[in-house]
>>> print(open('input-v7.pdb').read())   # PDB, C-alpha atoms
ATOM      1  CA  MET A 902      75.062 106.003  83.531
ATOM      2  CA  PRO A 903      71.945 103.801  83.500
ATOM      3  CA  GLY A 904      74.088 100.919  84.750
ATOM      4  CA  LEU A 905      75.249 102.923  87.763
ATOM      5  CA  ILE A 906      71.696 103.992  88.559
ATOM      6  CA  SER A 907      70.592 100.349  88.307
ATOM      7  CA  CYS A 908      73.365  99.416  90.777
ATOM      8  CA  ARG A 909      71.927 101.874  93.276
ATOM      9  CA  THR A 910      68.472 100.342  92.893
ATOM     10  CA  GLU A 911      69.681  96.734  93.113
ATOM     11  CA  PHE A 912      72.428  96.986  95.729
ATOM     12  CA  GLY A 913      71.533 100.146  97.661
ATOM     13  CA  PRO A 914      69.537  98.373 100.383
ATOM     14  CA  SER A 915      72.343  95.901 101.149
ATOM     15  CA  GLN A 916      75.058  98.609 101.348
ATOM     16  CA  PRO A 917      77.917  96.426  99.998
ATOM     17  CA  PHE A 918      80.503  99.214 100.431
ATOM     18  CA  LYS A 919      79.488 100.150 103.964
ATOM     19  CA  GLY A 920      82.600 101.228 105.863
ATOM     20  CA  ALA A 921      84.843 101.039 102.791
ATOM     21  CA  ARG A 922      87.211 103.881 102.005
ATOM     22  CA  ILE A 923      87.563 104.542  98.275
ATOM     23  CA  THR A 924      90.050 106.962  96.743
ATOM     24  CA  GLY A 925      89.575 107.968  93.111
ATOM     25  CA  SER A 926      92.095 109.501  90.737
ATOM     26  CA  LEU A 927      89.857 110.017  87.716
ATOM     27  CA  HIS A 928      88.658 112.922  85.559
ATOM     28  CA  MET A 929      86.414 115.057  87.794
ATOM     29  CA  THR A 930      83.505 115.573  85.384
ATOM     30  CA  ILE A 931      79.735 115.327  85.602
ATOM     31  CA  GLN A 932      79.969 111.673  84.533
ATOM     32  CA  THR A 933      82.276 111.006  87.474
ATOM     33  CA  VAL A 934      79.728 112.695  89.732
ATOM     34  CA  VAL A 935      77.321 109.843  88.962
ATOM     35  CA  LEU A 936      80.029 107.291  89.835
ATOM     36  CA  ILE A 937      80.932 108.996  93.130
ATOM     37  CA  GLU A 938      77.302 109.386  94.173
ATOM     38  CA  THR A 939      76.730 105.707  93.350
ATOM     39  CA  LEU A 940      79.671 104.673  95.538
ATOM     40  CA  THR A 941      78.403 106.762  98.443
ATOM     41  CA  ALA A 942      74.841 105.474  97.925
ATOM     42  CA  LEU A 943      76.254 101.947  98.308
ATOM     43  CA  GLY A 944      77.843 102.895 101.626
ATOM     44  CA  ALA A 945      81.385 103.996 100.759
ATOM     45  CA  GLU A 946      83.350 106.945 102.072
ATOM     46  CA  VAL A 947      85.047 108.678  99.140
ATOM     47  CA  ARG A 948      87.975 111.019  98.555
ATOM     48  CA  TRP A 949      88.673 112.137  94.997
ATOM     49  CA  CYS A 950      91.183 113.919  92.790
ATOM     50  CA  SER A 951      91.484 114.342  89.039
ATOM     51  CA  CYS A 952      93.973 112.377  86.928
ATOM     52  CA  ASN A 953      94.508 115.344  84.593
ATOM     53  CA  ILE A 954      95.318 118.997  85.270
ATOM     54  CA  PHE A 955      92.926 120.309  82.619
ATOM     55  CA  SER A 956      89.910 117.977  82.606
ATOM     56  CA  THR A 957      88.142 118.976  85.833
ATOM     57  CA  GLN A 958      84.728 120.587  85.482
ATOM     58  CA  ASP A 959      84.712 122.951  88.435
ATOM     59  CA  HIS A 960      80.929 122.934  88.829
ATOM     60  CA  ALA A 961      81.002 119.117  89.067
ATOM     61  CA  ALA A 962      83.797 119.181  91.663
ATOM     62  CA  ALA A 963      81.951 121.832  93.686
ATOM     63  CA  ALA A 964      78.728 119.831  93.677
ATOM     64  CA  ILE A 965      80.450 116.689  94.956
ATOM     65  CA  ALA A 966      82.429 118.629  97.576
ATOM     66  CA  ARG A 967      79.153 120.121  98.813
ATOM     67  CA  ASP A 968      77.061 116.965  98.839
ATOM     68  CA  SER A 969      78.971 113.692  98.708
ATOM     69  CA  ALA A 970      82.743 113.473  99.143
ATOM     70  CA  ALA A 971      86.049 115.229  99.706
ATOM     71  CA  VAL A 972      87.331 116.498  96.330
ATOM     72  CA  PHE A 973      90.778 117.839  95.541
ATOM     73  CA  ALA A 974      90.553 119.024  91.946
ATOM     74  CA  TRP A 975      90.145 122.172  89.900
ATOM     75  CA  LYS A 976      90.661 123.065  86.272
ATOM     76  CA  GLY A 977      94.148 124.308  85.394
ATOM     77  CA  GLU A 978      96.178 122.837  88.252
ATOM     78  CA  THR A 979      99.946 123.181  88.158
ATOM     79  CA  LEU A 980     101.922 119.939  88.390
ATOM     80  CA  GLN A 981     102.810 120.831  91.976
ATOM     81  CA  GLU A 982      99.124 121.282  92.798
ATOM     82  CA  TYR A 983      98.209 118.105  90.911
ATOM     83  CA  TRP A 984     100.481 115.913  93.024
ATOM     84  CA  TRP A 985      99.402 117.698  96.202
ATOM     85  CA  CYS A 986      95.794 116.838  95.291
ATOM     86  CA  THR A 987      96.745 113.192  94.668
ATOM     87  CA  GLU A 988      98.486 112.991  98.043
ATOM     88  CA  ARG A 989      95.506 114.556  99.816
ATOM     89  CA  ALA A 990      93.051 112.148  98.181
ATOM     90  CA  LEU A 991      95.119 109.233  99.514
ATOM     91  CA  ASP A 992      95.443 110.667 103.021
ATOM     92  CA  TRP A 993      92.737 109.256 105.279
ATOM     93  CA  GLY A 994      94.486 110.212 108.507
ATOM     94  CA  PRO A 995      96.330 108.115 111.104
ATOM     95  CA  GLY A 996      94.323 104.961 110.372
ATOM     96  CA  GLY A 997      96.011 104.331 107.037
ATOM     97  CA  GLY A 998      94.806 104.983 103.516
ATOM     98  CA  PRO A 999      91.955 103.751 101.333
ATOM     99  CA  ASP A1000      90.647 100.211 100.982
ATOM    100  CA  LEU A1001      90.201 100.593  97.220
ATOM    101  CA  ILE A1002      91.656 102.895  94.572
ATOM    102  CA  VAL A1003      89.919 103.810  91.321
ATOM    103  CA  ASP A1004      92.929 104.894  89.248
ATOM    104  CA  ASP A1005      93.292 106.373  85.764
ATOM    105  CA  GLY A1006      96.869 106.673  84.577
ATOM    106  CA  GLY A1007      98.369 105.012  87.636
ATOM    107  CA  ASP A1008      99.521 108.126  89.486
ATOM    108  CA  ALA A1009      97.867 107.298  92.819
ATOM    109  CA  THR A1010      99.315 103.788  92.562
ATOM    110  CA  LEU A1011     102.733 105.170  91.645
ATOM    111  CA  LEU A1012     102.766 107.558  94.619
ATOM    112  CA  ILE A1013     102.126 104.707  97.060
ATOM    113  CA  HIS A1014     104.787 102.490  95.504
ATOM    114  CA  GLU A1015     107.406 105.245  95.489
ATOM    115  CA  GLY A1016     106.415 106.191  99.026
ATOM    116  CA  VAL A1017     106.815 102.636 100.318
ATOM    117  CA  LYS A1018     110.196 102.321  98.597
ATOM    118  CA  ALA A1019     111.401 105.583 100.133
ATOM    119  CA  GLU A1020     110.128 104.677 103.614
ATOM    120  CA  GLU A1021     111.862 101.299 103.523
ATOM    121  CA  GLU A1022     115.109 102.946 102.473
ATOM    122  CA  TYR A1023     114.745 105.590 105.183
ATOM    123  CA  GLU A1024     114.085 102.907 107.796
ATOM    124  CA  LYS A1025     117.145 100.958 106.697
ATOM    125  CA  SER A1026     119.691 103.721 106.121
ATOM    126  CA  GLY A1027     118.159 107.020 107.246
ATOM    127  CA  LYS A1028     118.433 108.306 103.679
ATOM    128  CA  LEU A1029     115.770 110.743 102.476
ATOM    129  CA  PRO A1030     114.600 110.917  98.848
ATOM    130  CA  ASP A1031     116.664 113.382  96.833
ATOM    131  CA  PRO A1032     114.618 115.324  94.230
ATOM    132  CA  SER A1033     117.839 116.415  92.524
ATOM    133  CA  SER A1034     118.633 112.776  91.723
ATOM    134  CA  THR A1035     116.344 112.939  88.671
ATOM    135  CA  ASP A1036     116.069 115.253  85.671
ATOM    136  CA  ASN A1037     112.318 114.630  85.410
ATOM    137  CA  ALA A1038     110.647 117.760  86.796
ATOM    138  CA  GLU A1039     107.415 115.933  87.648
ATOM    139  CA  PHE A1040     109.188 113.110  89.467
ATOM    140  CA  GLN A1041     111.110 115.735  91.436
ATOM    141  CA  ILE A1042     107.740 116.919  92.766
ATOM    142  CA  VAL A1043     106.792 113.337  93.720
ATOM    143  CA  LEU A1044     110.064 112.841  95.609
ATOM    144  CA  THR A1045     109.643 116.185  97.377
ATOM    145  CA  ILE A1046     106.144 115.240  98.603
ATOM    146  CA  ILE A1047     107.399 111.870  99.863
ATOM    147  CA  ARG A1048     110.478 113.420 101.508
ATOM    148  CA  ASP A1049     108.416 116.024 103.356
ATOM    149  CA  GLY A1050     105.939 113.362 104.472
ATOM    150  CA  LEU A1051     108.684 111.205 105.949
ATOM    151  CA  LYS A1052     109.434 113.916 108.489
ATOM    152  CA  THR A1053     105.918 113.729 109.968
ATOM    153  CA  ASP A1054     104.991 110.049 109.455
ATOM    154  CA  PRO A1055     107.791 107.674 108.373
ATOM    155  CA  LYS A1056     105.336 104.796 107.819
ATOM    156  CA  LYS A1057     102.507 106.634 106.080
ATOM    157  CA  TYR A1058     102.649 104.756 102.756
ATOM    158  CA  GLN A1059     103.434 101.413 104.366
ATOM    159  CA  LYS A1060     100.201 101.746 106.360
ATOM    160  CA  MET A1061      98.382 102.480 103.095
ATOM    161  CA  LYS A1062      99.868  99.343 101.544
ATOM    162  CA  GLN A1063      98.763  97.201 104.463
ATOM    163  CA  ARG A1064      95.179  98.466 104.333
ATOM    164  CA  LEU A1065      94.677  98.404 100.553
ATOM    165  CA  VAL A1066      92.589  95.588  99.132
ATOM    166  CA  GLY A1067      93.416  96.562  95.555
ATOM    167  CA  VAL A1068      93.260  99.028  92.674
ATOM    168  CA  SER A1069      91.327  99.196  89.410
ATOM    169  CA  GLU A1070      93.205 100.795  86.507
ATOM    170  CA  GLU A1071      91.370 102.390  83.608
ATOM    171  CA  THR A1072      93.922 103.360  80.979
ATOM    172  CA  THR A1073      96.911 102.114  78.974
ATOM    173  CA  THR A1074      99.538 104.113  80.852
ATOM    174  CA  GLY A1075      98.575 102.744  84.251
ATOM    175  CA  VAL A1076      98.187  99.189  82.987
ATOM    176  CA  LYS A1077     101.676  99.284  81.428
ATOM    177  CA  ARG A1078     103.092 100.387  84.782
ATOM    178  CA  LEU A1079     101.218  97.630  86.609
ATOM    179  CA  TYR A1080     102.490  94.923  84.259
ATOM    180  CA  GLN A1081     106.034  96.259  84.605
ATOM    181  CA  MET A1082     105.776  96.125  88.402
ATOM    182  CA  GLN A1083     104.258  92.647  88.260
ATOM    183  CA  ALA A1084     107.098  91.451  86.018
ATOM    184  CA  ASN A1085     109.845  92.746  88.306
ATOM    185  CA  GLY A1086     108.097  91.621  91.491
ATOM    186  CA  THR A1087     107.418  95.075  92.969
ATOM    187  CA  LEU A1088     103.610  95.223  92.687
ATOM    188  CA  LEU A1089     102.399  95.719  96.259
ATOM    189  CA  PHE A1090      98.688  94.868  95.992
ATOM    190  CA  PRO A1091      96.174  93.246  93.616
ATOM    191  CA  ALA A1092      95.109  95.186  90.517
ATOM    192  CA  ILE A1093      92.233  94.887  88.070
ATOM    193  CA  ASN A1094      92.955  95.758  84.429
ATOM    194  CA  VAL A1095      89.819  97.666  83.444
ATOM    195  CA  ASN A1096      91.540  99.131  80.385
ATOM    196  CA  ASP A1097      91.542  95.856  78.457
ATOM    197  CA  SER A1098      87.975  94.894  79.274
ATOM    198  CA  VAL A1099      85.769  94.524  76.213
ATOM    199  CA  THR A1100      83.320  97.186  77.351
ATOM    200  CA  LYS A1101      86.174  99.687  77.586
ATOM    201  CA  SER A1102      88.190  98.923  74.467
ATOM    202  CA  LYS A1103      85.278  98.100  72.159
ATOM    203  CA  PHE A1104      82.898 100.773  73.380
ATOM    204  CA  ASP A1105      84.662 103.652  75.142
ATOM    205  CA  ASN A1106      87.640 103.697  72.760
ATOM    206  CA  LEU A1107      85.539 103.285  69.621
ATOM    207  CA  TYR A1108      82.272 105.103  70.268
ATOM    208  CA  GLY A1109      83.620 107.537  72.845
ATOM    209  CA  CYS A1110      86.281 108.847  70.460
ATOM    210  CA  ARG A1111      83.819 108.851  67.577
ATOM    211  CA  HIS A1112      81.602 111.126  69.661
ATOM    212  CA  SER A1113      84.188 113.419  71.256
ATOM    213  CA  LEU A1114      86.733 113.969  68.483
ATOM    214  CA  PRO A1115      84.677 116.211  66.154
ATOM    215  CA  ASP A1116      83.230 118.047  69.149
ATOM    216  CA  GLY A1117      86.726 118.744  70.498
ATOM    217  CA  LEU A1118      88.057 119.833  67.118
ATOM    218  CA  MET A1119      85.213 122.264  66.506
ATOM    219  CA  ARG A1120      85.304 123.717  70.029
ATOM    220  CA  ALA A1121      89.079 124.185  69.969
ATOM    221  CA  THR A1122      89.604 125.407  66.406
ATOM    222  CA  ASP A1123      86.233 126.404  64.911
ATOM    223  CA  VAL A1124      87.506 124.761  61.717
ATOM    224  CA  MET A1125      84.977 123.115  59.420
ATOM    225  CA  ILE A1126      85.759 119.428  58.964
ATOM    226  CA  ALA A1127      83.924 119.047  55.636
ATOM    227  CA  GLY A1128      86.244 119.315  52.657
ATOM    228  CA  LYS A1129      89.426 118.871  54.702
ATOM    229  CA  VAL A1130      92.010 116.129  54.343
ATOM    230  CA  ALA A1131      92.398 114.297  57.658
ATOM    231  CA  PHE A1132      95.111 111.861  58.724
ATOM    232  CA  VAL A1133      94.529 109.243  61.453
ATOM    233  CA  ALA A1134      97.594 107.532  62.906
ATOM    234  CA  GLY A1135      96.563 103.953  63.614
ATOM    235  CA  TYR A1136      93.397 101.984  62.975
ATOM    236  CA  GLY A1137      92.764 100.177  66.219
ATOM    237  CA  ASP A1138      89.616 100.800  68.248
ATOM    238  CA  VAL A1139      90.422 104.485  68.814
ATOM    239  CA  GLY A1140      91.481 104.984  65.192
ATOM    240  CA  LYS A1141      88.318 103.346  63.896
ATOM    241  CA  GLY A1142      86.167 105.748  65.893
ATOM    242  CA  CYS A1143      88.209 108.796  64.860
ATOM    243  CA  ALA A1144      88.246 107.870  61.165
ATOM    244  CA  ALA A1145      84.495 107.202  61.135
ATOM    245  CA  ALA A1146      83.749 110.560  62.779
ATOM    246  CA  LEU A1147      85.938 112.506  60.356
ATOM    247  CA  LYS A1148      84.437 110.685  57.362
ATOM    248  CA  GLN A1149      80.935 111.417  58.636
ATOM    249  CA  GLY A1150      81.935 115.073  58.981
ATOM    250  CA  GLY A1151      82.823 115.247  55.303
ATOM    251  CA  ALA A1152      86.615 114.925  55.448
ATOM    252  CA  ARG A1153      88.712 112.801  53.116
ATOM    253  CA  VAL A1154      90.453 110.451  55.547
ATOM    254  CA  ILE A1155      93.906 108.905  55.190
ATOM    255  CA  VAL A1156      94.980 106.204  57.641
ATOM    256  CA  SER A1157      98.456 105.004  58.588
ATOM    257  CA  GLU A1158      98.774 101.556  60.167
ATOM    258  CA  ILE A1159     101.631  99.072  60.743
ATOM    259  CA  ASP A1160      99.385  96.089  61.483
ATOM    260  CA  PRO A1161      98.413  94.481  58.144
ATOM    261  CA  ILE A1162      94.992  93.301  59.334
ATOM    262  CA  CYS A1163      94.025  96.723  60.678
ATOM    263  CA  ALA A1164      95.389  98.334  57.513
ATOM    264  CA  LEU A1165      93.235  96.003  55.406
ATOM    265  CA  GLN A1166      90.199  96.855  57.548
ATOM    266  CA  ALA A1167      90.805 100.544  56.894
ATOM    267  CA  LEU A1168      91.102  99.903  53.169
ATOM    268  CA  MET A1169      87.880  97.884  53.122
ATOM    269  CA  GLU A1170      86.093 100.770  54.868
ATOM    270  CA  GLY A1171      87.092 103.052  52.006
ATOM    271  CA  PHE A1172      90.022 104.844  53.626
ATOM    272  CA  GLN A1173      93.300 105.507  51.841
ATOM    273  CA  VAL A1174      96.202 103.814  53.678
ATOM    274  CA  LEU A1175      99.532 105.635  53.392
ATOM    275  CA  PRO A1176     102.589 106.343  55.584
ATOM    276  CA  LEU A1177     102.758 109.701  57.335
ATOM    277  CA  GLU A1178     105.792 110.962  55.434
ATOM    278  CA  ASP A1179     103.948 110.647  52.103
ATOM    279  CA  VAL A1180     101.044 112.911  53.072
ATOM    280  CA  VAL A1181     102.312 115.609  55.463
ATOM    281  CA  SER A1182     102.118 118.395  52.915
ATOM    282  CA  ASP A1183      98.572 117.490  51.802
ATOM    283  CA  VAL A1184      96.855 116.938  55.177
ATOM    284  CA  ASP A1185      94.928 119.629  57.066
ATOM    285  CA  ILE A1186      94.019 117.720  60.259
ATOM    286  CA  PHE A1187      96.278 115.203  62.009
ATOM    287  CA  ILE A1188      94.875 112.849  64.651
ATOM    288  CA  LEU A1189      97.548 111.087  66.712
ATOM    289  CA  GLN A1190      96.823 108.406  69.304
ATOM    290  CA  TRP A1191      99.108 107.972  72.258
ATOM    291  CA  TRP A1192      99.461 107.103  75.915
ATOM    292  CA  TRP A1193     101.399 108.685  78.769
ATOM    293  CA  GLY A1194     103.936 105.889  78.741
ATOM    294  CA  GLU A1195     107.598 105.916  79.630
ATOM    295  CA  GLY A1196     110.250 105.677  76.946
ATOM    296  CA  GLY A1197     110.812 107.110  73.510
ATOM    297  CA  PHE A1198     107.428 106.683  71.835
ATOM    298  CA  TRP A1199     105.450 109.302  73.711
ATOM    299  CA  VAL A1200     108.386 111.752  73.478
ATOM    300  CA  TYR A1201     108.393 111.215  69.693
ATOM    301  CA  VAL A1202     104.646 111.831  69.476
ATOM    302  CA  ARG A1203     104.924 115.058  71.449
ATOM    303  CA  ILE A1204     107.770 116.327  69.241
ATOM    304  CA  LEU A1205     105.813 115.351  66.118
ATOM    305  CA  ALA A1206     102.689 117.132  67.350
ATOM    306  CA  VAL A1207     104.641 120.303  68.167
ATOM    307  CA  ARG A1208     106.330 120.331  64.748
ATOM    308  CA  LEU A1209     103.071 119.765  62.885
ATOM    309  CA  PHE A1210     101.345 122.547  64.790
ATOM    310  CA  TRP A1211     104.008 125.234  65.176
ATOM    311  CA  VAL A1212     106.180 124.603  62.123
ATOM    312  CA  LEU A1213     103.662 123.430  59.519
ATOM    313  CA  ASN A1214     100.601 125.230  60.940
ATOM    314  CA  LYS A1215      98.437 122.085  60.899
ATOM    315  CA  VAL A1216      95.461 121.215  63.110
ATOM    316  CA  VAL A1217      96.603 118.471  65.486
ATOM    317  CA  GLY A1218      94.433 116.336  67.765
ATOM    318  CA  LEU A1219      95.748 113.886  70.362
ATOM    319  CA  CYS A1220      93.524 110.994  71.433
ATOM    320  CA  TRP A1221      94.679 109.411  74.699
ATOM    321  CA  ILE A1222      94.273 105.651  75.009
TER     322      ILE A1222
END
>>> encode(input="input-v7.pdb", output="structure tokens")
Amino acid sequence: MPGLISCRTEFGPSQPFKGARITGSLHMTIQTVVLIETLTALGAEVRWCSCNIFSTQDHAAAAIARDSAAVFAWKGETLQEYWWCTERALDWGPGGGPDLIVDDGGDATLLIHEGVKAEEEYEKSGKLPDPSSTDNAEFQIVLTIIRDGLKTDPKKYQKMKQRLVGVSEETTTGVKRLYQMQANGTLLFPAINVNDSVTKSKFDNLYGCRHSLPDGLMRATDVMIAGKVAFVAGYGDVGKGCAAALKQGGARVIVSEIDPICALQALMEGFQVLPLEDVVSDVDIFILQWWWGEGGFWVYVRILAVRLFWVLNKVVGLCWI
């Protein structure tokens, strides 16, 4: 926060973002309020949506909608509402879309890419996107939004692509998508990988999780951490923060790690290092780290979390990276 305030002081008079359109798809919280107000103080026009259906703080969204920018976000959105909000945040009218996107999870970026692909196919063959062509319920919503938009503006997303200078991506999920698109030659505009910057991975992942994990556990469960046996899956930056917080709270912490160096680090910090299957019956609190990636891993983590919670009656926390 102090860095953003310093940016206003240093760059406010020169208005470096004057005339720029910025769309954000990022958790709509009071911290994001400071970011949005900094962007507008530097001259930008801003439209915003949340990257998560549950994370919006309604009072923060209301304050920004009143004072600074167009906001399409509220706590407890349905998936249909979530993608409608994303589409509205990208819609700047007939003149095209934003100049810059601040993305978290890659959904705004994905919507533009899928929209461009559908428009090019429609222009070539007259074929509209078919939501029934996929079993993924969320992607069916995306295809429906694009299909309905084609009827009113068949070049809407192509105009966005032409105007966009680039996107910044904050988290693992979005970065994985960007690298996949870069590898297969379908990335439509420049992208900045914020996720792998040192100030994100070594500070937000480590100290942010160390701060928020015990707070989230106590708010959600009202379970005392002291005296419990806690299991942390992985000992990277997120795992280090989680394990340190649980240890500080008085739990006996067990770590599982496939990387030998990280496993040795955990051991040298005084943590027991064991595989998950050896400790399931003894552990009270499970902390799993994951990302919203495609493929089998995130499906496995979700199934594991559900089984631990519903079948074994364990406390389960998921830390997104």
>>> closest_residue(input="input-v7.pdb", among="A:Ser956, A:Glu982, A:Gly1075, A:Leu1089", to="Val1017 (chain A)", atoms="only C-alpha atoms")
A:Leu1089
>>> resolve_selection(input="input-v7.pdb", expression="the PyMOL selection byres ((chain A and resi 968) around 12)", output="NGL selection string")
:A and (934 or 937-938 or 941-942 or 947 or 961-967 or 969-972)
>>> write_last_selection(input="input-v7.pdb", atoms="C-alpha atoms", output="CSV table (one decimal), in the frame of the given file")
chain,number,residue,atom,x,y,z
A,934,VAL,CA,79.7,112.7,89.7
A,937,ILE,CA,80.9,109.0,93.1
A,938,GLU,CA,77.3,109.4,94.2
A,941,THR,CA,78.4,106.8,98.4
A,942,ALA,CA,74.8,105.5,97.9
A,947,VAL,CA,85.0,108.7,99.1
A,961,ALA,CA,81.0,119.1,89.1
A,962,ALA,CA,83.8,119.2,91.7
A,963,ALA,CA,82.0,121.8,93.7
A,964,ALA,CA,78.7,119.8,93.7
A,965,ILE,CA,80.4,116.7,95.0
A,966,ALA,CA,82.4,118.6,97.6
A,967,ARG,CA,79.2,120.1,98.8
A,969,SER,CA,79.0,113.7,98.7
A,970,ALA,CA,82.7,113.5,99.1
A,971,ALA,CA,86.0,115.2,99.7
A,972,VAL,CA,87.3,116.5,96.3
>>> resolve_selection(input="input-v7.pdb", expression="the PyMOL selection byres ((chain A and resi 1138) around 8)", output="ChimeraX atom specification")
/A:1102-1103,1106-1107,1136-1137,1139-1142
>>> resolve_selection(input="input-v7.pdb", expression="the PyMOL selection byres ((chain A and resi 1154) around 8)", output="number ranges by chain")
A: 1130-1133, 1144, 1147-1148, 1152-1153, 1155-1156, 1172-1173
>>> residues_around(input="input-v7.pdb", residues="Leu1088 (chain A)", least_positions_apart="5", cutoff="10 Å", atoms="all atoms listed in the file", output="list in words")
Thr1010, His1014, Arg1078, Leu1079, Tyr1080, Gln1081, Met1082 and Gln1083 of chain A
>>> residues_around(input="input-v7.pdb", residues="Lys1215 (chain A)", least_positions_apart="6", cutoff="8 Å", atoms="all atoms listed in the file", output="PyMOL selection string")
chain A and resi 1184-1187+1209
>>> residues_around(input="input-v7.pdb", residues="Pro999 (chain A)", least_positions_apart="4", cutoff="12 Å", atoms="all atoms listed in the file", output="PDB file with C-alpha atoms, in the coordinates of the input")
ATOM      1  CA  GLY A 920      82.600 101.228 105.863  1.00  0.00           C
ATOM      2  CA  ALA A 921      84.843 101.039 102.791  1.00  0.00           C
ATOM      3  CA  ARG A 922      87.211 103.881 102.005  1.00  0.00           C
ATOM      4  CA  ILE A 923      87.563 104.542  98.275  1.00  0.00           C
ATOM      5  CA  THR A 924      90.050 106.962  96.743  1.00  0.00           C
ATOM      6  CA  GLY A 925      89.575 107.968  93.111  1.00  0.00           C
ATOM      7  CA  ALA A 945      81.385 103.996 100.759  1.00  0.00           C
ATOM      8  CA  GLU A 946      83.350 106.945 102.072  1.00  0.00           C
ATOM      9  CA  VAL A 947      85.047 108.678  99.140  1.00  0.00           C
ATOM     10  CA  ARG A 948      87.975 111.019  98.555  1.00  0.00           C
ATOM     11  CA  TRP A 949      88.673 112.137  94.997  1.00  0.00           C
ATOM     12  CA  GLU A 988      98.486 112.991  98.043  1.00  0.00           C
ATOM     13  CA  ARG A 989      95.506 114.556  99.816  1.00  0.00           C
ATOM     14  CA  ALA A 990      93.051 112.148  98.181  1.00  0.00           C
ATOM     15  CA  LEU A 991      95.119 109.233  99.514  1.00  0.00           C
ATOM     16  CA  ASP A 992      95.443 110.667 103.021  1.00  0.00           C
ATOM     17  CA  TRP A 993      92.737 109.256 105.279  1.00  0.00           C
ATOM     18  CA  GLY A 994      94.486 110.212 108.507  1.00  0.00           C
ATOM     19  CA  PRO A 995      96.330 108.115 111.104  1.00  0.00           C
ATOM     20  CA  VAL A1003      89.919 103.810  91.321  1.00  0.00           C
ATOM     21  CA  ALA A1009      97.867 107.298  92.819  1.00  0.00           C
ATOM     22  CA  THR A1010      99.315 103.788  92.562  1.00  0.00           C
ATOM     23  CA  ILE A1013     102.126 104.707  97.060  1.00  0.00           C
ATOM     24  CA  LYS A1057     102.507 106.634 106.080  1.00  0.00           C
ATOM     25  CA  TYR A1058     102.649 104.756 102.756  1.00  0.00           C
ATOM     26  CA  LYS A1060     100.201 101.746 106.360  1.00  0.00           C
ATOM     27  CA  MET A1061      98.382 102.480 103.095  1.00  0.00           C
ATOM     28  CA  LYS A1062      99.868  99.343 101.544  1.00  0.00           C
ATOM     29  CA  GLN A1063      98.763  97.201 104.463  1.00  0.00           C
ATOM     30  CA  ARG A1064      95.179  98.466 104.333  1.00  0.00           C
ATOM     31  CA  LEU A1065      94.677  98.404 100.553  1.00  0.00           C
ATOM     32  CA  VAL A1066      92.589  95.588  99.132  1.00  0.00           C
ATOM     33  CA  GLY A1067      93.416  96.562  95.555  1.00  0.00           C
ATOM     34  CA  VAL A1068      93.260  99.028  92.674  1.00  0.00           C
TER      35      VAL A1068
END
>>> residues_around(input="input-v7.pdb", residues="Met929 (chain A)", least_positions_apart="3", cutoff="6 Å", atoms="all atoms listed in the file", output="list in words")
Thr933, Ser951 and Thr957 of chain A
>>> closest_residue(input="input-v7.pdb", among="A:Glu1021, A:Asp1054, A:Asp1036, A:Glu1158", to="Leu1175 (chain A)", atoms="only C-alpha atoms")
A:Glu1158
>>> atom_distance(input="input-v7.pdb", atom1="CA of Phe1104 (chain A)", atom2="CA of Ala1145 (chain A)")
13.9 Å
>>> residues_near_point(input="input-v7.pdb", point="(92.0, 110.1, 86.4)", cutoff="7 Å", atoms="all atoms listed in the file", output="PyMOL selection string")
chain A and resi 926-928+951-953+1004-1006
>>> atom_distance(input="input-v7.pdb", atom1="CA of Phe955 (chain A)", atom2="CA of Ile1047 (chain A)")
24.0 Å
>>> atom_distance(input="input-v7.pdb", atom1="CA of Ile931 (chain A)", atom2="CA of Asn1096 (chain A)")
20.7 Å
>>> residues_near_point(input="input-v7.pdb", point="(94.0, 119.1, 87.4)", cutoff="6 Å", atoms="all atoms listed in the file", output="PyMOL selection string")
chain A and resi 951+953-955+974-978+983
